[in-house]
Amino acid sequence: MYVNCRFDSVFWNLTPVSMVCRNSLGKSDGYCASWLVDTNIPTCICQRSDSLQCLLLLTFWSVAGWLAELVSSAVSNPDSWWEALSLSSGLLELSLGKFRNVLLNQTNPVEAVIRNIASNVTVVIFQVHAQQSDVVISFDKTPSVNSSGIGVDKGLVSILQPEQTVCTWYVRALDAGQVLSTAISIPYMEKDPIPGGCNLEFDLEVDPNLYLDYTLVDIHIKFAPANLGYTRGANPPSCDSETGQSSRWRLRYDVYQYFLPENDLSEMVLMSHIRKMSGVQSIRANGIKMLTLTADDKTNVYFSSLPGQGVIYNVVVWDPLWNSSAAYIPVHTYACSFADLVDNCSSLSKLSTKVFFTAFGILGLFTCFFGHRFWKTDLFFMGFIVAAFVFFVFITRVTGLSYDVRLILTAVAGIIGGLLLVVSWWRFGSVLLSMFVIGLVLGFLFSSMLFFTPLGDYRVFRDDVVFWVTFTCVALMIPVLFVGCPRILNILASGIVGSYTVVLAIACYVYTSLAYITLDLLRRVLNNYFSRAYTNVPFQRNDFIILSVWVMLALSGVTVQLRRERSEMPFPPHPYLTWKRERERRSTNVLDPSHHIPPLRERIHNKLLHIKEFFQKDQPAGERTPLLL
């Protein structure tokens, strides 16, 4: 039993606490020795705790253990050790080709320095990346327009002079508050191209940056042309004096795209993945090559916008004569704003969109399994799709109404269109007309899926005439192929289209690239210049799961309907002829009880009288005439 316990604290930057416990006999207990097992303090201190020497020994061993751990951490991770020491004085020591994470603020610029640069290095590109807060990078402590850059992904090119071995840059946050960023400096030799070396458009003399603008529809990237490399101290090659193979016109520009993990907006994920898109070798190993530009092409590239999905872009310039390459500064975007209170990167889908597509998905799920059995519901569903799509395109192009108003009007127009298709079936009973509309919807989806593949990014389909002629032919091919078996066509259409509406409903809550099968087509219809955008999208874990759900629903719905309807009539009889035949039979057959049913006008009049009597006050029993009174 412990009757005397003392806690001695030693304050030396850290606060190690020593505990000396004695039992009732005044001797040190084994608990003291067991507590010291995981420390650098010898257990013999437990037998000498009754003297002043205890405190001195305890202090010595505590400080010695702390210093030993500090030195061990410095040896095992020298980058973080020197970074902590250098940033405490506003100095960041860099090594060529190595990333360093830095916390920036507005008031104290960080001086980034590279020392002992090799003599064969002619150009050093320094770059800094942050997720959403702009940083200021400059050659001087006081930034100027021609010697600095502002943005979340910015870099500078330092052209080295003879005998130069040190490069210095200054970095700080543009706004108040700390900004987590990552920095790297990449060296290039005399035969490597210089990104942005022939800049005539932007402020910097040599500008290796990619300039990115985005809307909800597309992303626009532009950059300055590169120049040929040259030795230290020499004059740079002329940019426009000649256009032969000995000038910068021989250079080629490969544009790469890299997708961040879906549904992940964290800073550390961006910092770790942007490293894969900085060096030439890592870009080619990890990025997706989208296109190659020559010196005759404009240095402008367009991509389809993916709100909420992180994407990194970069350009590698290649010199075919020397087979050398250099990379521009990578840029990233989420195609949305982190600062907006409404419709920010964390909540992109509007409430109206969720309500619309959730109800649409429920109707589609019912149609997937019971579309052919409930034939009129199937017709309403397909008519709703056609009318809603056409009306939304029309009202968006013609009017400037808000999105919510357009969506409500689209729902109303879709309901009217569905009812019209049902009425046309009831009046005319044309299976051919109904199946043409249903087959057109399935063909529309099939053609959209075809152009959702890499086939849609072929240069030939940049021409709107070629694209729409091809798209229409593919869409019309479906109803033509199934003209001899309309029941099979209807079951396939209800199963595939109905299950895809479930995917659209899921996309309102969880990001999935499968929603862009139809969304990219809608963008092309609504925007005249969307044809120039590359429509590549990521396909990651969520997409595989949702694709599996779509395939499972489609196969299940088609199988269930085929087994249930194989012994039934292909289609219901003509509704109008059936109604007309029944009416004639009732009018001629007096023995039929339905013959004695009053006409519709009389039945309605009798119903109204019953309703009127329901609201009348009951009359009391007995007579109350004046004569009897």
# chains A, B, ... in the order shown; residues from 1 in each chain; ligands from 1
call {"tool": "residues_around", "arguments": {"residues": "A:Phe380", "least_positions_apart": "2", "cutoff": "9 Å", "atoms": "only C-alpha atoms", "output": "PyMOL selection string"}}
result
chain A and resi 375-378+382-385+414-415+417-422
call {"tool": "residues_around", "arguments": {"residues": "A:Pro307", "least_positions_apart": "2", "cutoff": "7 Å", "atoms": "only C-alpha atoms", "output": "list in words"}}
result
Leu216, Ser305, Gln309, Tyr334, Ala335 and Cys336 of chain A
call {"tool": "write_last_selection", "arguments": {"atoms": "N, CA and C atoms", "output": "PDB file, in the first residue's frame"}}
result
ATOM      1  N   LEU A 216     -19.189  26.240 -65.182  1.00  0.00           N
ATOM      2  CA  LEU A 216     -19.885  24.995 -64.915  1.00  0.00           C
ATOM      3  C   LEU A 216     -19.923  24.076 -66.125  1.00  0.00           C
ATOM      4  N   SER A 305     -16.027  20.499 -67.765  1.00  0.00           N
ATOM      5  CA  SER A 305     -15.944  20.794 -66.342  1.00  0.00           C
ATOM      6  C   SER A 305     -16.568  19.669 -65.527  1.00  0.00           C
ATOM      7  N   GLN A 309     -14.962  17.434 -58.576  1.00  0.00           N
ATOM      8  CA  GLN A 309     -13.928  16.433 -58.836  1.00  0.00           C
ATOM      9  C   GLN A 309     -12.601  17.140 -59.054  1.00  0.00           C
ATOM     10  N   TYR A 334     -11.139  22.220 -58.956  1.00  0.00           N
ATOM     11  CA  TYR A 334     -12.303  21.420 -58.577  1.00  0.00           C
ATOM     12  C   TYR A 334     -13.561  21.908 -59.303  1.00  0.00           C
ATOM     13  N   ALA A 335     -13.408  22.948 -60.150  1.00  0.00           N
ATOM     14  CA  ALA A 335     -14.523  23.534 -60.902  1.00  0.00           C
ATOM     15  C   ALA A 335     -15.651  23.993 -59.988  1.00  0.00           C
ATOM     16  N   CYS A 336     -15.307  24.439 -58.797  1.00  0.00           N
ATOM     17  CA  CYS A 336     -16.293  24.939 -57.850  1.00  0.00           C
ATOM     18  C   CYS A 336     -15.565  25.820 -56.839  1.00  0.00           C
TER      19      CYS A 336
END
call {"tool": "select_by_dssp", "arguments": {"residues": "stretch 217-357 of chain A", "states": "strand (DSSP E)", "output": "VMD selection string"}}
result
chain A and resid 218 to 223 252 to 259 288 to 294 300 to 304 311 to 319 324 to 327 331 to 333
call {"tool": "closest_atom_pairs", "arguments": {"of": "stretch 225-335 of chain A", "to": "stretch 175-196 of chain A", "cutoff": "8 Å", "atoms": "only C-alpha atoms", "output": "tab-separated table"}}
result
residue	atom	partner	partner_atom	distance
A:Pro225	CA	A:Gly196	CA	5.2
A:Ala226	CA	A:Pro195	CA	4.4
A:Asn227	CA	A:Ile194	CA	5.2
A:Leu228	CA	A:Pro193	CA	4.7
A:Gly229	CA	A:Pro193	CA	4.7
A:Tyr230	CA	A:Glu190	CA	4.7
A:Thr231	CA	A:Glu190	CA	5.1
A:Arg232	CA	A:Glu190	CA	7.7
A:Glu267	CA	A:Leu180	CA	7.9
A:Met271	CA	A:Thr182	CA	6.5
A:Gly279	CA	A:Ile186	CA	7.6
A:Val317	CA	A:Pro193	CA	6.9
A:Trp318	CA	A:Pro193	CA	7.1
A:Asp319	CA	A:Pro193	CA	6.6
A:Trp322	CA	A:Lys191	CA	6.8
A:Ser324	CA	A:Asp192	CA	5.2
A:Ser325	CA	A:Asp192	CA	5.7
A:Ala326	CA	A:Pro193	CA	5.9
A:Ala327	CA	A:Pro195	CA	6.8
A:Tyr328	CA	A:Pro195	CA	5.8
call {"tool": "select_by_dssp", "arguments": {"residues": "stretch 136-310 of chain A", "states": "alpha helix (DSSP H)", "output": "ChimeraX atom specification"}}
result
/A:267-274,280-286
call {"tool": "write_last_selection", "arguments": {"atoms": "N, CA and C atoms", "output": "PDB file, in the first residue's frame"}}
result
ATOM      1  N   GLU A 267      -6.634  18.815 -48.233  1.00  0.00           N
ATOM      2  CA  GLU A 267      -5.409  19.455 -48.698  1.00  0.00           C
ATOM      3  C   GLU A 267      -4.273  18.456 -48.867  1.00  0.00           C
ATOM      4  N   MET A 268      -4.137  17.548 -47.898  1.00  0.00           N
ATOM      5  CA  MET A 268      -3.013  16.624 -47.935  1.00  0.00           C
ATOM      6  C   MET A 268      -3.088  15.687 -49.142  1.00  0.00           C
ATOM      7  N   VAL A 269      -4.296  15.320 -49.552  1.00  0.00           N
ATOM      8  CA  VAL A 269      -4.438  14.479 -50.745  1.00  0.00           C
ATOM      9  C   VAL A 269      -3.945  15.231 -51.975  1.00  0.00           C
ATOM     10  N   LEU A 270      -4.314  16.511 -52.083  1.00  0.00           N
ATOM     11  CA  LEU A 270      -3.837  17.313 -53.205  1.00  0.00           C
ATOM     12  C   LEU A 270      -2.319  17.442 -53.179  1.00  0.00           C
ATOM     13  N   MET A 271      -1.751  17.734 -52.006  1.00  0.00           N
ATOM     14  CA  MET A 271      -0.305  17.916 -51.904  1.00  0.00           C
ATOM     15  C   MET A 271       0.453  16.651 -52.296  1.00  0.00           C
ATOM     16  N   SER A 272      -0.076  15.505 -51.934  1.00  0.00           N
ATOM     17  CA  SER A 272       0.617  14.263 -52.261  1.00  0.00           C
ATOM     18  C   SER A 272       0.484  13.897 -53.730  1.00  0.00           C
ATOM     19  N   HIS A 273      -0.645  14.227 -54.337  1.00  0.00           N
ATOM     20  CA  HIS A 273      -0.861  13.825 -55.730  1.00  0.00           C
ATOM     21  C   HIS A 273      -0.289  14.825 -56.719  1.00  0.00           C
ATOM     22  N   ILE A 274      -0.163  16.096 -56.335  1.00  0.00           N
ATOM     23  CA  ILE A 274       0.375  17.070 -57.288  1.00  0.00           C
ATOM     24  C   ILE A 274       1.856  16.817 -57.537  1.00  0.00           C
ATOM     25  N   VAL A 280       8.895  15.497 -65.366  1.00  0.00           N
ATOM     26  CA  VAL A 280       8.562  14.948 -66.682  1.00  0.00           C
ATOM     27  C   VAL A 280       8.283  13.449 -66.593  1.00  0.00           C
ATOM     28  N   GLN A 281       9.161  12.711 -65.927  1.00  0.00           N
ATOM     29  CA  GLN A 281       8.999  11.255 -65.865  1.00  0.00           C
ATOM     30  C   GLN A 281       7.741  10.857 -65.101  1.00  0.00           C
ATOM     31  N   SER A 282       7.477  11.512 -63.966  1.00  0.00           N
ATOM     32  CA  SER A 282       6.285  11.167 -63.183  1.00  0.00           C
ATOM     33  C   SER A 282       5.005  11.568 -63.900  1.00  0.00           C
ATOM     34  N   ILE A 283       5.051  12.643 -64.685  1.00  0.00           N
ATOM     35  CA  ILE A 283       3.864  13.047 -65.456  1.00  0.00           C
ATOM     36  C   ILE A 283       3.528  11.973 -66.488  1.00  0.00           C
ATOM     37  N   ARG A 284       4.540  11.502 -67.193  1.00  0.00           N
ATOM     38  CA  ARG A 284       4.304  10.483 -68.211  1.00  0.00           C
ATOM     39  C   ARG A 284       3.887   9.149 -67.594  1.00  0.00           C
ATOM     40  N   ALA A 285       4.325   8.893 -66.374  1.00  0.00           N
ATOM     41  CA  ALA A 285       3.990   7.633 -65.726  1.00  0.00           C
ATOM     42  C   ALA A 285       2.597   7.638 -65.121  1.00  0.00           C
ATOM     43  N   ASN A 286       2.125   8.794 -64.653  1.00  0.00           N
ATOM     44  CA  ASN A 286       0.861   8.852 -63.913  1.00  0.00           C
ATOM     45  C   ASN A 286      -0.259   9.578 -64.652  1.00  0.00           C
TER      46      ASN A 286
END
call {"tool": "closest_residue", "arguments": {"among": "A:Ile329, A:Ile496, A:Ile114, A:Cys198", "to": "A:Leu156", "atoms": "only C-alpha atoms"}}
result
A:Ile329
call {"tool": "atom_distance", "arguments": {"atom1": "atom CA of A:Gly495", "atom2": "atom CA of A:Arg541"}}
result
24.2 Å
call {"tool": "residues_around", "arguments": {"residues": "A:Leu555", "least_positions_apart": "5", "cutoff": "12 Å", "atoms": "only C-alpha atoms", "output": "JSON, numbers by chain"}}
result
{"A": [368, 369, 491, 492, 493, 494, 495, 496, 497, 498, 499, 500, 548, 549, 550, 560, 561, 562]}
call {"tool": "write_last_selection", "arguments": {"atoms": "N, CA and C atoms", "output": "PDB file, in the first residue's frame"}}
result
ATOM      1  N   CYS A 368     -38.553  -0.154 -64.751  1.00  0.00           N
ATOM      2  CA  CYS A 368     -37.523  -1.163 -65.028  1.00  0.00           C
ATOM      3  C   CYS A 368     -38.059  -2.576 -64.859  1.00  0.00           C
ATOM      4  N   PHE A 369     -38.926  -2.807 -63.870  1.00  0.00           N
ATOM      5  CA  PHE A 369     -39.409  -4.157 -63.578  1.00  0.00           C
ATOM      6  C   PHE A 369     -40.845  -4.399 -64.059  1.00  0.00           C
ATOM      7  N   ILE A 491     -39.268  -3.989 -73.711  1.00  0.00           N
ATOM      8  CA  ILE A 491     -38.722  -4.529 -72.462  1.00  0.00           C
ATOM      9  C   ILE A 491     -37.270  -4.079 -72.264  1.00  0.00           C
ATOM     10  N   LEU A 492     -36.479  -4.079 -73.352  1.00  0.00           N
ATOM     11  CA  LEU A 492     -35.102  -3.605 -73.253  1.00  0.00           C
ATOM     12  C   LEU A 492     -35.056  -2.127 -72.882  1.00  0.00           C
ATOM     13  N   ALA A 493     -35.911  -1.338 -73.514  1.00  0.00           N
ATOM     14  CA  ALA A 493     -35.903   0.103 -73.244  1.00  0.00           C
ATOM     15  C   ALA A 493     -36.326   0.404 -71.811  1.00  0.00           C
ATOM     16  N   SER A 494     -37.381  -0.247 -71.351  1.00  0.00           N
ATOM     17  CA  SER A 494     -37.840   0.024 -69.986  1.00  0.00           C
ATOM     18  C   SER A 494     -36.811  -0.443 -68.966  1.00  0.00           C
ATOM     19  N   GLY A 495     -36.124  -1.562 -69.225  1.00  0.00           N
ATOM     20  CA  GLY A 495     -35.123  -2.050 -68.282  1.00  0.00           C
ATOM     21  C   GLY A 495     -33.872  -1.197 -68.246  1.00  0.00           C
ATOM     22  N   ILE A 496     -33.336  -0.828 -69.412  1.00  0.00           N
ATOM     23  CA  ILE A 496     -32.071  -0.087 -69.466  1.00  0.00           C
ATOM     24  C   ILE A 496     -32.274   1.384 -69.097  1.00  0.00           C
ATOM     25  N   VAL A 497     -33.267   2.024 -69.723  1.00  0.00           N
ATOM     26  CA  VAL A 497     -33.507   3.443 -69.439  1.00  0.00           C
ATOM     27  C   VAL A 497     -34.004   3.631 -68.014  1.00  0.00           C
ATOM     28  N   GLY A 498     -34.914   2.759 -67.566  1.00  0.00           N
ATOM     29  CA  GLY A 498     -35.422   2.885 -66.197  1.00  0.00           C
ATOM     30  C   GLY A 498     -34.336   2.730 -65.156  1.00  0.00           C
ATOM     31  N   SER A 499     -33.409   1.783 -65.364  1.00  0.00           N
ATOM     32  CA  SER A 499     -32.320   1.610 -64.400  1.00  0.00           C
ATOM     33  C   SER A 499     -31.336   2.765 -64.454  1.00  0.00           C
ATOM     34  N   TYR A 500     -31.165   3.404 -65.617  1.00  0.00           N
ATOM     35  CA  TYR A 500     -30.243   4.550 -65.689  1.00  0.00           C
ATOM     36  C   TYR A 500     -30.778   5.754 -64.926  1.00  0.00           C
ATOM     37  N   SER A 548     -21.995  -1.374 -61.537  1.00  0.00           N
ATOM     38  CA  SER A 548     -22.476  -2.717 -61.204  1.00  0.00           C
ATOM     39  C   SER A 548     -23.950  -2.699 -60.823  1.00  0.00           C
ATOM     40  N   VAL A 549     -24.354  -1.677 -60.071  1.00  0.00           N
ATOM     41  CA  VAL A 549     -25.772  -1.538 -59.709  1.00  0.00           C
ATOM     42  C   VAL A 549     -26.625  -1.333 -60.950  1.00  0.00           C
ATOM     43  N   TRP A 550     -26.162  -0.499 -61.861  1.00  0.00           N
ATOM     44  CA  TRP A 550     -26.912  -0.243 -63.093  1.00  0.00           C
ATOM     45  C   TRP A 550     -27.074  -1.533 -63.910  1.00  0.00           C
ATOM     46  N   VAL A 560     -36.860 -10.391 -65.639  1.00  0.00           N
ATOM     47  CA  VAL A 560     -38.161 -10.554 -64.990  1.00  0.00           C
ATOM     48  C   VAL A 560     -39.293 -10.306 -65.975  1.00  0.00           C
ATOM     49  N   GLN A 561     -39.177  -9.267 -66.779  1.00  0.00           N
ATOM     50  CA  GLN A 561     -40.254  -8.950 -67.715  1.00  0.00           C
ATOM     51  C   GLN A 561     -40.351  -9.992 -68.833  1.00  0.00           C
ATOM     52  N   LEU A 562     -39.214 -10.481 -69.318  1.00  0.00           N
ATOM     53  CA  LEU A 562     -39.269 -11.490 -70.375  1.00  0.00           C
ATOM     54  C   LEU A 562     -39.924 -12.777 -69.886  1.00  0.00           C
TER      55      LEU A 562
END
call {"tool": "closest_residue", "arguments": {"among": "A:Val423, A:Pro236, A:Tyr211, A:Pro261", "to": "A:Thr299", "atoms": "only C-alpha atoms"}}
result
A:Tyr211
call {"tool": "residues_around", "arguments": {"residues": "stretch 130-145 of chain A", "least_positions_apart": "3", "cutoff": "7 Å", "atoms": "only C-alpha atoms", "output": "ChimeraX atom specification"}}
result
/A:148-153,168-174,179-182,203,267
call {"tool": "write_last_selection", "arguments": {"atoms": "N, CA and C atoms", "output": "short mmCIF file (atom, residue, chain, number, x, y, z; two decimals), in the first residue's frame"}}
result
data_model
loop_
_atom_site.label_atom_id
_atom_site.label_comp_id
_atom_site.auth_asym_id
_atom_site.auth_seq_id
_atom_site.Cartn_x
_atom_site.Cartn_y
_atom_site.Cartn_z
N SER A 148 6.85 38.66 -60.39
CA SER A 148 6.10 37.89 -59.39
C SER A 148 4.87 37.28 -60.02
N GLY A 149 4.28 36.37 -59.29
CA GLY A 149 3.04 35.74 -59.71
C GLY A 149 2.14 35.48 -58.53
N ILE A 150 0.82 35.51 -58.76
CA ILE A 150 -0.16 35.30 -57.70
C ILE A 150 -1.13 34.21 -58.15
N GLY A 151 -1.35 33.22 -57.28
CA GLY A 151 -2.28 32.15 -57.59
C GLY A 151 -2.07 30.96 -56.68
N VAL A 152 -2.86 29.93 -56.90
CA VAL A 152 -2.73 28.72 -56.08
C VAL A 152 -1.66 27.78 -56.64
N ASP A 153 -1.37 27.90 -57.93
CA ASP A 153 -0.31 27.10 -58.56
C ASP A 153 0.56 28.05 -59.37
N THR A 168 17.47 32.36 -55.19
CA THR A 168 16.63 32.80 -54.07
C THR A 168 15.28 33.27 -54.61
N TRP A 169 14.21 32.87 -53.91
CA TRP A 169 12.86 33.34 -54.20
C TRP A 169 12.17 33.68 -52.88
N TYR A 170 11.07 34.41 -52.98
CA TYR A 170 10.32 34.81 -51.80
C TYR A 170 8.86 34.39 -51.97
N VAL A 171 8.30 33.82 -50.92
CA VAL A 171 6.94 33.29 -50.96
C VAL A 171 6.19 33.75 -49.72
N ARG A 172 4.94 34.15 -49.91
CA ARG A 172 4.07 34.49 -48.78
C ARG A 172 2.63 34.27 -49.19
N ALA A 173 1.74 34.24 -48.20
CA ALA A 173 0.30 34.13 -48.46
C ALA A 173 -0.26 35.48 -48.86
N LEU A 174 -1.22 35.47 -49.75
CA LEU A 174 -1.82 36.74 -50.19
C LEU A 174 -2.77 37.30 -49.15
N VAL A 179 -1.46 29.34 -44.64
CA VAL A 179 -1.77 28.59 -45.86
C VAL A 179 -0.78 27.43 -45.96
N LEU A 180 -1.30 26.21 -46.04
CA LEU A 180 -0.46 25.04 -46.25
C LEU A 180 -0.13 24.94 -47.73
N SER A 181 1.16 24.86 -48.04
CA SER A 181 1.60 24.79 -49.43
C SER A 181 2.74 23.80 -49.55
N THR A 182 3.04 23.44 -50.78
CA THR A 182 4.17 22.56 -51.05
C THR A 182 5.01 23.22 -52.14
N ASP A 203 2.68 38.65 -68.09
CA ASP A 203 3.55 39.69 -67.51
C ASP A 203 5.00 39.26 -67.38
N GLU A 267 -6.63 18.81 -48.23
CA GLU A 267 -5.41 19.45 -48.70
C GLU A 267 -4.27 18.46 -48.87
#
call {"tool": "residues_around", "arguments": {"residues": "A:Ser531", "least_positions_apart": "2", "cutoff": "7 Å", "atoms": "only C-alpha atoms", "output": "mmCIF file with all heavy atoms, in the first residue's frame"}}
result
data_model
loop_
_atom_site.group_PDB
_atom_site.id
_atom_site.type_symbol
_atom_site.label_atom_id
_atom_site.label_comp_id
_atom_site.auth_asym_id
_atom_site.auth_seq_id
_atom_site.Cartn_x
_atom_site.Cartn_y
_atom_site.Cartn_z
ATOM 1 N N ARG A 462 -15.117 16.967 -83.548
ATOM 2 C CA ARG A 462 -15.163 18.383 -83.156
ATOM 3 C C ARG A 462 -16.112 19.159 -84.068
ATOM 4 O O ARG A 462 -16.647 20.190 -83.668
ATOM 5 C CB ARG A 462 -13.756 18.987 -83.235
ATOM 6 C CG ARG A 462 -12.774 18.339 -82.292
ATOM 7 C CD ARG A 462 -12.870 18.940 -80.908
ATOM 8 N NE ARG A 462 -11.976 18.253 -79.991
ATOM 9 C CZ ARG A 462 -12.377 17.367 -79.087
ATOM 10 N NH1 ARG A 462 -13.658 17.056 -78.989
ATOM 11 N NH2 ARG A 462 -11.519 16.778 -78.295
ATOM 12 N N ASP A 464 -19.478 19.924 -85.585
ATOM 13 C CA ASP A 464 -20.847 19.682 -85.124
ATOM 14 C C ASP A 464 -21.673 18.916 -86.148
ATOM 15 O O ASP A 464 -22.524 18.096 -85.778
ATOM 16 C CB ASP A 464 -21.533 21.019 -84.802
ATOM 17 C CG ASP A 464 -21.058 21.594 -83.475
ATOM 18 O OD1 ASP A 464 -20.674 20.808 -82.588
ATOM 19 O OD2 ASP A 464 -21.056 22.827 -83.324
ATOM 20 N N ARG A 524 -23.566 19.925 -74.873
ATOM 21 C CA ARG A 524 -23.269 20.190 -76.286
ATOM 22 C C ARG A 524 -24.471 20.788 -76.993
ATOM 23 O O ARG A 524 -24.321 21.598 -77.918
ATOM 24 C CB ARG A 524 -22.828 18.902 -76.966
ATOM 25 C CG ARG A 524 -22.373 19.101 -78.400
ATOM 26 C CD ARG A 524 -21.297 18.143 -78.806
ATOM 27 N NE ARG A 524 -20.714 18.483 -80.093
ATOM 28 C CZ ARG A 524 -19.624 17.917 -80.595
ATOM 29 N NH1 ARG A 524 -18.992 16.975 -79.904
ATOM 30 N NH2 ARG A 524 -19.150 18.269 -81.771
ATOM 31 N N TYR A 529 -20.006 26.192 -78.157
ATOM 32 C CA TYR A 529 -18.562 25.968 -78.208
ATOM 33 C C TYR A 529 -18.112 24.768 -77.375
ATOM 34 O O TYR A 529 -16.913 24.577 -77.169
ATOM 35 C CB TYR A 529 -17.830 27.221 -77.720
ATOM 36 C CG TYR A 529 -18.130 28.435 -78.554
ATOM 37 C CD1 TYR A 529 -18.999 29.429 -78.098
ATOM 38 C CD2 TYR A 529 -17.568 28.591 -79.819
ATOM 39 C CE1 TYR A 529 -19.284 30.540 -78.864
ATOM 40 C CE2 TYR A 529 -17.850 29.695 -80.602
ATOM 41 C CZ TYR A 529 -18.706 30.672 -80.124
ATOM 42 O OH TYR A 529 -18.989 31.762 -80.896
ATOM 43 N N ALA A 533 -14.253 21.020 -76.340
ATOM 44 C CA ALA A 533 -13.801 20.511 -75.044
ATOM 45 C C ALA A 533 -13.601 19.003 -75.101
ATOM 46 O O ALA A 533 -14.397 18.268 -75.699
ATOM 47 C CB ALA A 533 -14.817 20.868 -73.958
#
call {"tool": "residues_around", "arguments": {"residues": "A:Ile488", "least_positions_apart": "5", "cutoff": "12 Å", "atoms": "only C-alpha atoms", "output": "list in words"}}
result
Gly371, His372, Met435, Ile438, Gly439, Ile478, Pro479, Leu481, Phe482, Val483, Ala493, Ser494, Gly495, Val558, Thr559, Gln561, Leu562, Arg563, Glu565, Arg566, Pro570 and Phe571 of chain A
call {"tool": "write_last_selection", "arguments": {"atoms": "C-alpha atoms", "output": "PDB file, in the first residue's frame"}}
result
ATOM      1  CA  GLY A 371     -42.878  -1.330 -67.658  1.00  0.00           C
ATOM      2  CA  HIS A 372     -44.404  -3.737 -70.150  1.00  0.00           C
ATOM      3  CA  MET A 435     -42.416   1.964 -80.253  1.00  0.00           C
ATOM      4  CA  ILE A 438     -39.592   4.342 -77.046  1.00  0.00           C
ATOM      5  CA  GLY A 439     -36.882   3.075 -79.408  1.00  0.00           C
ATOM      6  CA  ILE A 478     -32.095   1.015 -82.495  1.00  0.00           C
ATOM      7  CA  PRO A 479     -35.811   1.329 -83.457  1.00  0.00           C
ATOM      8  CA  LEU A 481     -33.221  -2.958 -85.841  1.00  0.00           C
ATOM      9  CA  PHE A 482     -36.090  -3.942 -83.525  1.00  0.00           C
ATOM     10  CA  VAL A 483     -38.976  -3.035 -85.823  1.00  0.00           C
ATOM     11  CA  ALA A 493     -35.903   0.103 -73.244  1.00  0.00           C
ATOM     12  CA  SER A 494     -37.840   0.024 -69.986  1.00  0.00           C
ATOM     13  CA  GLY A 495     -35.123  -2.050 -68.282  1.00  0.00           C
ATOM     14  CA  VAL A 558     -35.250  -7.307 -68.501  1.00  0.00           C
ATOM     15  CA  THR A 559     -35.134 -10.927 -67.264  1.00  0.00           C
ATOM     16  CA  GLN A 561     -40.254  -8.950 -67.715  1.00  0.00           C
ATOM     17  CA  LEU A 562     -39.269 -11.490 -70.375  1.00  0.00           C
ATOM     18  CA  ARG A 563     -40.209 -14.434 -68.148  1.00  0.00           C
ATOM     19  CA  GLU A 565     -44.669 -11.663 -70.401  1.00  0.00           C
ATOM     20  CA  ARG A 566     -43.730 -14.660 -72.563  1.00  0.00           C
ATOM     21  CA  PRO A 570     -47.574  -8.702 -76.953  1.00  0.00           C
ATOM     22  CA  PHE A 571     -49.574  -5.470 -76.473  1.00  0.00           C
TER      23      PHE A 571
END
call {"tool": "decode", "arguments": {"residues": "stretch 409-419 of chain A", "atoms": "N, CA and C atoms", "output": "PDB file, in the first residue's frame"}}
result
ATOM      1  N   LEU A 409     -40.814  24.165 -64.597  1.00  0.00           N
ATOM      2  CA  LEU A 409     -41.524  24.189 -65.877  1.00  0.00           C
ATOM      3  C   LEU A 409     -41.211  22.941 -66.706  1.00  0.00           C
ATOM      4  N   THR A 410     -39.980  22.454 -66.602  1.00  0.00           N
ATOM      5  CA  THR A 410     -39.619  21.226 -67.317  1.00  0.00           C
ATOM      6  C   THR A 410     -40.415  20.036 -66.795  1.00  0.00           C
ATOM      7  N   ALA A 411     -40.609  19.956 -65.482  1.00  0.00           N
ATOM      8  CA  ALA A 411     -41.403  18.871 -64.909  1.00  0.00           C
ATOM      9  C   ALA A 411     -42.850  18.942 -65.399  1.00  0.00           C
ATOM     10  N   VAL A 412     -43.400  20.147 -65.454  1.00  0.00           N
ATOM     11  CA  VAL A 412     -44.775  20.312 -65.944  1.00  0.00           C
ATOM     12  C   VAL A 412     -44.870  19.906 -67.413  1.00  0.00           C
ATOM     13  N   ALA A 413     -43.897  20.352 -68.211  1.00  0.00           N
ATOM     14  CA  ALA A 413     -43.911  19.999 -69.634  1.00  0.00           C
ATOM     15  C   ALA A 413     -43.739  18.499 -69.819  1.00  0.00           C
ATOM     16  N   GLY A 414     -42.911  17.860 -68.993  1.00  0.00           N
ATOM     17  CA  GLY A 414     -42.739  16.412 -69.089  1.00  0.00           C
ATOM     18  C   GLY A 414     -44.013  15.660 -68.768  1.00  0.00           C
ATOM     19  N   ILE A 415     -44.741  16.122 -67.761  1.00  0.00           N
ATOM     20  CA  ILE A 415     -46.021  15.477 -67.417  1.00  0.00           C
ATOM     21  C   ILE A 415     -47.012  15.609 -68.575  1.00  0.00           C
ATOM     22  N   ILE A 416     -47.068  16.791 -69.166  1.00  0.00           N
ATOM     23  CA  ILE A 416     -47.980  16.997 -70.302  1.00  0.00           C
ATOM     24  C   ILE A 416     -47.572  16.110 -71.474  1.00  0.00           C
ATOM     25  N   GLY A 417     -46.268  16.034 -71.734  1.00  0.00           N
ATOM     26  CA  GLY A 417     -45.803  15.183 -72.829  1.00  0.00           C
ATOM     27  C   GLY A 417     -46.112  13.724 -72.591  1.00  0.00           C
ATOM     28  N   GLY A 418     -45.941  13.257 -71.346  1.00  0.00           N
ATOM     29  CA  GLY A 418     -46.285  11.868 -71.047  1.00  0.00           C
ATOM     30  C   GLY A 418     -47.759  11.589 -71.228  1.00  0.00           C
ATOM     31  N   LEU A 419     -48.595  12.509 -70.776  1.00  0.00           N
ATOM     32  CA  LEU A 419     -50.040  12.331 -70.943  1.00  0.00           C
ATOM     33  C   LEU A 419     -50.440  12.348 -72.416  1.00  0.00           C
TER      34      LEU A 419
END
